[in-house]
Amino acid sequence: MSTAADRLWDDLETMGFLKEERPDGLLPNLPYDVTTLTDQELMVLYGQFVSWTAYAAMRLVEARANEKAAKQNLNYSAATASLNASTEKTVAGRKSAAAVDPQVQADEKAHLDALSLVEALEMVHKNVESRAQFCSRDLSRRQTSRDTESRAYRWGV
């Protein structure tokens, strides 16, 4: 059975977009002091963070699509259970009957799980994107300070 995210990626592939593959290993840690890294080590770390950012963004899109589908399933099962509660005479009674319906409860749990995954992936994506930006700024700072030093040396300042 295909998920909403599977169908989304099928559509995107027809436009020429491929899913980001999971980077090798685990998400790296940002060292306490990046100035201890060589330029090459920092560039490799930056590349890893960029790859993980792209992967987290792709997984976040999938999670959002699946959360919307889970919400739709919950709305459908709640409406169906409410309609099936024909012995209840009030709206409140029908809503209560729908709330205890096993399918509604299962769909509500599925929706809450999907929503939790979206929130967790939003945090992961934001954090890894911030780490990539941090590495990028340090690489730029290194290049700028190197250019300044070499210009000063050349001009005898």
# chains A, B, ... in the order shown; residues from 1 in each chain; ligands from 1
>>> residues_around(residues="Val104 in chain A", least_positions_apart="3", cutoff="9 Å", atoms="only C-alpha atoms", output="PDB file with N, CA, C and O atoms, in the first residue's frame")
ATOM      1  N   ASN A  73      -7.951  10.755   7.284  1.00  0.00           N
ATOM      2  CA  ASN A  73      -8.509   9.473   7.732  1.00  0.00           C
ATOM      3  C   ASN A  73      -9.267   9.635   9.051  1.00  0.00           C
ATOM      4  O   ASN A  73     -10.343   9.056   9.227  1.00  0.00           O
ATOM      5  N   LEU A  74      -8.700  10.425   9.959  1.00  0.00           N
ATOM      6  CA  LEU A  74      -9.358  10.666  11.247  1.00  0.00           C
ATOM      7  C   LEU A  74     -10.683  11.386  11.044  1.00  0.00           C
ATOM      8  O   LEU A  74     -11.699  10.999  11.635  1.00  0.00           O
ATOM      9  N   ASN A  75     -10.698  12.410  10.216  1.00  0.00           N
ATOM     10  CA  ASN A  75     -11.943  13.139   9.953  1.00  0.00           C
ATOM     11  C   ASN A  75     -13.004  12.219   9.353  1.00  0.00           C
ATOM     12  O   ASN A  75     -14.180  12.275   9.731  1.00  0.00           O
ATOM     13  N   TYR A  76     -12.590  11.359   8.443  1.00  0.00           N
ATOM     14  CA  TYR A  76     -13.529  10.436   7.799  1.00  0.00           C
ATOM     15  C   TYR A  76     -14.096   9.439   8.816  1.00  0.00           C
ATOM     16  O   TYR A  76     -15.314   9.221   8.873  1.00  0.00           O
ATOM     17  N   SER A  77     -13.213   8.823   9.607  1.00  0.00           N
ATOM     18  CA  SER A  77     -13.712   7.824  10.559  1.00  0.00           C
ATOM     19  C   SER A  77     -14.573   8.466  11.640  1.00  0.00           C
ATOM     20  O   SER A  77     -15.568   7.873  12.075  1.00  0.00           O
ATOM     21  N   ALA A  78     -14.239   9.690  12.059  1.00  0.00           N
ATOM     22  CA  ALA A  78     -15.067  10.376  13.054  1.00  0.00           C
ATOM     23  C   ALA A  78     -16.439  10.717  12.482  1.00  0.00           C
ATOM     24  O   ALA A  78     -17.465  10.546  13.159  1.00  0.00           O
ATOM     25  N   ALA A  81     -18.396   7.397  12.172  1.00  0.00           N
ATOM     26  CA  ALA A  81     -18.846   6.926  13.489  1.00  0.00           C
ATOM     27  C   ALA A  81     -19.982   7.797  14.018  1.00  0.00           C
ATOM     28  O   ALA A  81     -20.926   7.284  14.625  1.00  0.00           O
ATOM     29  N   ALA A  98     -18.809   8.788  18.709  1.00  0.00           N
ATOM     30  CA  ALA A  98     -17.720   8.693  17.724  1.00  0.00           C
ATOM     31  C   ALA A  98     -16.369   8.640  18.426  1.00  0.00           C
ATOM     32  O   ALA A  98     -15.463   7.917  17.991  1.00  0.00           O
ATOM     33  N   ALA A  99     -16.222   9.385  19.525  1.00  0.00           N
ATOM     34  CA  ALA A  99     -14.944   9.441  20.232  1.00  0.00           C
ATOM     35  C   ALA A  99     -14.536   8.097  20.818  1.00  0.00           C
ATOM     36  O   ALA A  99     -13.342   7.809  20.938  1.00  0.00           O
ATOM     37  N   VAL A 100     -15.503   7.264  21.171  1.00  0.00           N
ATOM     38  CA  VAL A 100     -15.163   5.959  21.750  1.00  0.00           C
ATOM     39  C   VAL A 100     -15.104   4.856  20.701  1.00  0.00           C
ATOM     40  O   VAL A 100     -14.781   3.710  21.025  1.00  0.00           O
ATOM     41  N   ASP A 101     -15.388   5.188  19.472  1.00  0.00           N
ATOM     42  CA  ASP A 101     -15.317   4.204  18.389  1.00  0.00           C
ATOM     43  C   ASP A 101     -13.861   3.739  18.233  1.00  0.00           C
ATOM     44  O   ASP A 101     -12.951   4.561  18.158  1.00  0.00           O
ATOM     45  N   ASP A 107      -7.352   5.871  14.488  1.00  0.00           N
ATOM     46  CA  ASP A 107      -6.987   6.947  13.559  1.00  0.00           C
ATOM     47  C   ASP A 107      -6.464   8.170  14.302  1.00  0.00           C
ATOM     48  O   ASP A 107      -5.573   8.871  13.805  1.00  0.00           O
ATOM     49  N   GLU A 108      -6.996   8.433  15.478  1.00  0.00           N
ATOM     50  CA  GLU A 108      -6.503   9.554  16.272  1.00  0.00           C
ATOM     51  C   GLU A 108      -5.072   9.298  16.726  1.00  0.00           C
ATOM     52  O   GLU A 108      -4.225  10.194  16.671  1.00  0.00           O
ATOM     53  N   LYS A 109      -4.788   8.067  17.146  1.00  0.00           N
ATOM     54  CA  LYS A 109      -3.414   7.720  17.536  1.00  0.00           C
ATOM     55  C   LYS A 109      -2.475   7.835  16.337  1.00  0.00           C
ATOM     56  O   LYS A 109      -1.376   8.380  16.453  1.00  0.00           O
TER      57      LYS A 109
END
>>> residues_around(residues="Ala120 in chain A", least_positions_apart="3", cutoff="12 Å", atoms="only C-alpha atoms", output="PyMOL selection string")
chain A and resi 56-57+59-60+63-64+113-117+123-127
>>> closest_atom_pairs(of="range 44-134 of chain A", to="range 17-20 of chain A", cutoff="8 Å", atoms="only C-alpha atoms", output="JSON lines")
{"residue": "A:Ala54", "atom": "CA", "partner": "A:Glu20", "partner_atom": "CA", "distance": 6.6}
{"residue": "A:Tyr55", "atom": "CA", "partner": "A:Glu20", "partner_atom": "CA", "distance": 5.3}
{"residue": "A:Met58", "atom": "CA", "partner": "A:Glu20", "partner_atom": "CA", "distance": 6.5}
>>> write_last_selection(atoms="all heavy atoms", output="CSV table (one decimal), in the first residue's frame")
chain,number,residue,atom,x,y,z
A,54,ALA,N,19.5,18.2,3.4
A,54,ALA,CA,18.7,17.8,2.2
A,54,ALA,C,17.9,16.6,2.6
A,54,ALA,O,16.7,16.5,2.2
A,54,ALA,CB,19.6,17.6,1.0
A,55,TYR,N,18.5,15.6,3.2
A,55,TYR,CA,17.8,14.4,3.6
A,55,TYR,C,16.7,14.7,4.6
A,55,TYR,O,15.6,14.2,4.5
A,55,TYR,CB,18.8,13.4,4.2
A,55,TYR,CG,18.2,12.1,4.6
A,55,TYR,CD1,17.6,11.2,3.6
A,55,TYR,CD2,18.1,11.7,5.9
A,55,TYR,CE1,17.0,10.0,4.0
A,55,TYR,CE2,17.5,10.5,6.3
A,55,TYR,CZ,17.0,9.7,5.4
A,55,TYR,OH,16.4,8.5,5.8
A,58,MET,N,13.7,16.3,2.9
A,58,MET,CA,12.9,15.3,2.1
A,58,MET,C,12.1,14.5,3.1
A,58,MET,O,10.9,14.3,2.8
A,58,MET,CB,13.9,14.4,1.3
A,58,MET,CG,13.2,13.4,0.5
A,58,MET,SD,12.9,11.7,1.2
A,58,MET,CE,14.5,11.3,1.8
>>> closest_residue(among="A:Ala70, A:Ala132, A:Val118, A:Leu139", to="Thr3 in chain A", atoms="only C-alpha atoms")
A:Ala70
>>> closest_residue(among="A:Leu8, A:Trp52, A:Gln103, A:Gly93", to="Ser130 in chain A", atoms="only C-alpha atoms")
A:Trp52
>>> atom_distance(atom1="CA of Ala85 in chain A", atom2="CA of Asn66 in chain A")
28.5 Å
>>> closest_residue(among="A:Ala97, A:Thr35, A:Ala5, A:Arg22", to="Leu83 in chain A", atoms="only C-alpha atoms")
A:Ala97
>>> atom_distance(atom1="CA of Glu122 in chain A", atom2="CA of Val61 in chain A")
9.8 Å
>>> residues_around(residues="Arg137 in chain A", least_positions_apart="4", cutoff="12 Å", atoms="only C-alpha atoms", output="NGL selection string")
:A and (34-35 or 42-43 or 46 or 130-133 or 141-144)
>>> atom_distance(atom1="CA of Leu37 in chain A", atom2="CA of Ser145 in chain A")
16.0 Å
>>> select_by_dssp(residues="range 6-112 of chain A", states="alpha helix (DSSP H)", output="ChimeraX atom specification")
/A:6-14,39-84,91-99,102-112
